[in-house]
Amino acid sequence: MLTIICGEDQITARRFLLSMKDSYKNKGYSLQNVAANDLTEVYKNSSGVVDLFGQKTVYFVDSLSKQYKGRVKTPYKRTVEAIAEDKNIYLIDWEAGKSGYELSTLKRLADSFQEYKPTKNVFQLLDSCYPSNLRNFLSTLNVVLNTQEQMFVYTLLTRHVKKLIMAGDGHFDSKTAPWQKSKLQSQSRLWKLKNIIGFYEGLIKIDISTKSGSGTFDIRDSIEILACYYLK
């Protein structure tokens with residue numbers, strides 16, 4: 001049996017992963033972390049088998065998708081598919097930051113597919129990030145941070161601003177849909193190049209100060225201060 005936990009809202013997804021570990025542990029299961037490369041041995045040795053204490057084992061693995069890809073039916077892919085069909089094996093795959101769209105090939109194998117997406121308000125926040133829109137941006141930021149972790153919001157905002165800078169030069173990553181390209185270009189045109197670069201550099205400094213513990217303000221206050229300078 002295969003369970004996949006994924007989504008751009010990594011914080012909420014990881015909470016769910018930890019809650020699953022606690023749940024299985026409380027039910028008396030043995031928990032074991034395994035590398036994706038070791039799944040062949042897991043399949044050979046664990047189907048329907050309990051340990052010396054009579055416990056069933058739940059296996060946790062990171063990023064099956066890195067190897068389960070392409071059209072060729074490799075031995076690795078056959079092993080993953082066999083595990084997914086075996087009701088006596090419990091395999092939980094953690095796909096950090098991956099969307100359901102990115103995992104569409106692997107998704108069809110899963111008994112349970114848990115995807116955690118950003119809330120609608122987060123996207124509204126990203127769309128409101130442009131000059132002369134300070135009040136709307138701060139208001140939306142306040143709403144978003146009532147339900148979302150500061151670091152998660154910061155990460156999405158930083159990625160978005162980087163995409164806006166790239167869009168200004170007509171560059172997009174391979175996963176950007178046509179409608180998103182048009183939207184990014186429209187928002188990018190609302191910025192002066194030197195200002196959006198300054199805003200992005202300010203966001204990077206927030207990350208550095210947060211990780212080093214040298215900042216005076218938390219992430220929320222830092223974003224608000226930066227916005228007051230660039231979005232006024």
# chains A, B, ... in the order shown; residues from 1 in each chain; ligands from 1
$ select_by_dssp --residues "region 48-226 of chain A" --states "strand (DSSP E or B)" --output "VMD selection string"
chain A and resid 57 to 62 90 to 96 112 to 115
$ write_last_selection --atoms "N, CA and C atoms" --output "compact mmCIF listing (two decimals), in the first residue's frame"
# COMPACT_ATOMS: atom_id res chain seq x y z
N THR A 57 5.49 -3.35 10.23
CA THR A 57 6.36 -2.22 9.96
C THR A 57 5.73 -1.26 8.95
N VAL A 58 5.87 0.03 9.22
CA VAL A 58 5.50 1.07 8.26
C VAL A 58 6.79 1.70 7.77
N TYR A 59 6.96 1.75 6.46
CA TYR A 59 8.18 2.29 5.87
C TYR A 59 7.95 3.72 5.38
N PHE A 60 8.92 4.58 5.65
CA PHE A 60 8.84 5.97 5.23
C PHE A 60 10.01 6.25 4.27
N VAL A 61 9.68 6.85 3.14
CA VAL A 61 10.69 7.12 2.12
C VAL A 61 10.52 8.54 1.59
N ASP A 62 11.61 9.13 1.13
CA ASP A 62 11.57 10.47 0.55
C ASP A 62 11.71 10.40 -0.98
N TYR A 90 3.20 -1.33 4.10
CA TYR A 90 2.75 0.05 4.26
C TYR A 90 3.93 0.98 3.95
N LEU A 91 3.84 1.68 2.83
CA LEU A 91 4.91 2.59 2.41
C LEU A 91 4.35 4.00 2.30
N ILE A 92 4.99 4.94 2.98
CA ILE A 92 4.56 6.33 2.96
C ILE A 92 5.66 7.18 2.34
N ASP A 93 5.32 7.85 1.26
CA ASP A 93 6.28 8.63 0.49
C ASP A 93 6.09 10.12 0.74
N TRP A 94 7.16 10.79 1.16
CA TRP A 94 7.14 12.23 1.39
C TRP A 94 7.75 12.93 0.18
N GLU A 95 6.95 13.77 -0.49
CA GLU A 95 7.38 14.52 -1.68
C GLU A 95 7.37 16.01 -1.34
N ALA A 96 8.47 16.49 -0.82
CA ALA A 96 8.53 17.86 -0.31
C ALA A 96 8.32 18.89 -1.42
N SER A 112 -3.65 6.30 -1.04
CA SER A 112 -4.01 7.58 -0.43
C SER A 112 -3.06 8.65 -0.94
N PHE A 113 -3.62 9.75 -1.44
CA PHE A 113 -2.82 10.85 -1.98
C PHE A 113 -3.20 12.12 -1.25
N GLN A 114 -2.30 12.61 -0.40
CA GLN A 114 -2.57 13.77 0.44
C GLN A 114 -1.79 14.98 -0.07
N GLU A 115 -2.47 15.88 -0.76
CA GLU A 115 -1.81 17.07 -1.30
C GLU A 115 -2.27 18.31 -0.54
$ residues_around --residues "region 83-87 of chain A" --least-positions-apart "6" --cutoff "8 Å" --atoms "only C-alpha atoms" --output "PyMOL selection string"
chain A and resi 1-2+43+47+109-111
$ write_last_selection --atoms "N, CA, C and O atoms" --output "PDB file, in the first residue's frame"
ATOM      1  N   MET A   1       0.851  -1.194   0.000  1.00  0.00           N
ATOM      2  CA  MET A   1       0.000   0.000   0.000  1.00  0.00           C
ATOM      3  C   MET A   1       0.885   1.241   0.000  1.00  0.00           C
ATOM      4  O   MET A   1       1.873   1.308   0.719  1.00  0.00           O
ATOM      5  N   LEU A   2       0.514   2.181  -0.834  1.00  0.00           N
ATOM      6  CA  LEU A   2       1.326   3.385  -0.966  1.00  0.00           C
ATOM      7  C   LEU A   2       0.511   4.619  -0.592  1.00  0.00           C
ATOM      8  O   LEU A   2      -0.583   4.840  -1.110  1.00  0.00           O
ATOM      9  N   TYR A  43      10.891  -4.892  -0.406  1.00  0.00           N
ATOM     10  CA  TYR A  43       9.845  -5.738  -0.988  1.00  0.00           C
ATOM     11  C   TYR A  43      10.160  -7.218  -0.813  1.00  0.00           C
ATOM     12  O   TYR A  43       9.285  -8.026  -0.492  1.00  0.00           O
ATOM     13  N   SER A  47       7.178  -8.419   2.903  1.00  0.00           N
ATOM     14  CA  SER A  47       5.779  -8.682   2.554  1.00  0.00           C
ATOM     15  C   SER A  47       5.128  -9.637   3.548  1.00  0.00           C
ATOM     16  O   SER A  47       5.448 -10.819   3.628  1.00  0.00           O
ATOM     17  N   LEU A 109      -0.838   5.228  -8.555  1.00  0.00           N
ATOM     18  CA  LEU A 109      -0.530   4.014  -7.795  1.00  0.00           C
ATOM     19  C   LEU A 109      -0.976   4.093  -6.347  1.00  0.00           C
ATOM     20  O   LEU A 109      -1.106   3.069  -5.680  1.00  0.00           O
ATOM     21  N   ALA A 110      -1.191   5.305  -5.859  1.00  0.00           N
ATOM     22  CA  ALA A 110      -1.382   5.506  -4.423  1.00  0.00           C
ATOM     23  C   ALA A 110      -2.770   5.103  -3.944  1.00  0.00           C
ATOM     24  O   ALA A 110      -3.778   5.399  -4.582  1.00  0.00           O
ATOM     25  N   ASP A 111      -2.804   4.436  -2.794  1.00  0.00           N
ATOM     26  CA  ASP A 111      -4.074   4.172  -2.112  1.00  0.00           C
ATOM     27  C   ASP A 111      -4.595   5.457  -1.487  1.00  0.00           C
ATOM     28  O   ASP A 111      -5.797   5.667  -1.381  1.00  0.00           O
TER      29      ASP A 111
END
$ residues_around --residues "Gln148 (chain A)" --least-positions-apart "4" --cutoff "10 Å" --atoms "only C-alpha atoms" --output "list in words"
Asp9, Ile11, Thr12, Pro118, Thr119, Asn121, Val122, Leu141, Val143, Val144, Phe152 and Val153 of chain A
$ atom_distance --atom1 "CA of Tyr29 (chain A)" --atom2 "CA of Thr3 (chain A)"
15.8 Å
$ residues_around --residues "region 128-135 of chain A" --least-positions-apart "2" --cutoff "12 Å" --atoms "only C-alpha atoms" --output "ChimeraX atom specification"
/A:121-126,137-142,156-158,160-161,164,184,186-193,195-196,199-200,223-232
$ select_by_dssp --residues "region 23-92 of chain A" --states "helix (DSSP H, G or I)" --output "PyMOL selection string"
chain A and resi 23-26+36-46+64-66+75-85
$ write_last_selection --atoms "C-alpha atoms" --output "mmCIF file, in the first residue's frame"
data_model
loop_
_atom_site.group_PDB
_atom_site.id
_atom_site.type_symbol
_atom_site.label_atom_id
_atom_site.label_comp_id
_atom_site.auth_asym_id
_atom_site.auth_seq_id
_atom_site.Cartn_x
_atom_site.Cartn_y
_atom_site.Cartn_z
ATOM 1 C CA SER A 23 -0.677 7.467 14.828
ATOM 2 C CA TYR A 24 1.099 4.336 13.606
ATOM 3 C CA LYS A 25 3.449 4.381 16.578
ATOM 4 C CA ASN A 26 0.510 4.598 19.000
ATOM 5 C CA ALA A 36 14.415 4.941 -2.244
ATOM 6 C CA ASN A 37 17.232 2.761 -3.585
ATOM 7 C CA ASP A 38 16.538 0.127 -0.913
ATOM 8 C CA LEU A 39 12.941 -0.575 -1.900
ATOM 9 C CA THR A 40 13.834 -3.784 -3.723
ATOM 10 C CA GLU A 41 15.174 -5.254 -0.488
ATOM 11 C CA VAL A 42 12.163 -3.930 1.409
ATOM 12 C CA TYR A 43 9.845 -5.738 -0.988
ATOM 13 C CA LYS A 44 11.808 -8.987 -0.860
ATOM 14 C CA ASN A 45 12.033 -9.119 2.914
ATOM 15 C CA SER A 46 8.921 -7.490 4.314
ATOM 16 C CA LEU A 64 9.983 8.223 -4.963
ATOM 17 C CA SER A 65 9.277 10.502 -7.908
ATOM 18 C CA LYS A 66 12.972 11.144 -8.543
ATOM 19 C CA PRO A 75 13.001 -2.801 -12.391
ATOM 20 C CA TYR A 76 12.684 0.041 -9.889
ATOM 21 C CA LYS A 77 9.283 1.064 -11.250
ATOM 22 C CA ARG A 78 8.093 -2.544 -11.146
ATOM 23 C CA THR A 79 9.132 -2.759 -7.503
ATOM 24 C CA VAL A 80 7.259 0.422 -6.579
ATOM 25 C CA GLU A 81 4.161 -0.836 -8.376
ATOM 26 C CA ALA A 82 4.386 -4.213 -6.646
ATOM 27 C CA ILE A 83 4.662 -2.545 -3.236
ATOM 28 C CA ALA A 84 1.695 -0.302 -4.033
ATOM 29 C CA GLU A 85 -0.412 -3.381 -4.810
#
$ atom_distance --atom1 "CA of Tyr116 (chain A)" --atom2 "CA of Thr176 (chain A)"
19.4 Å
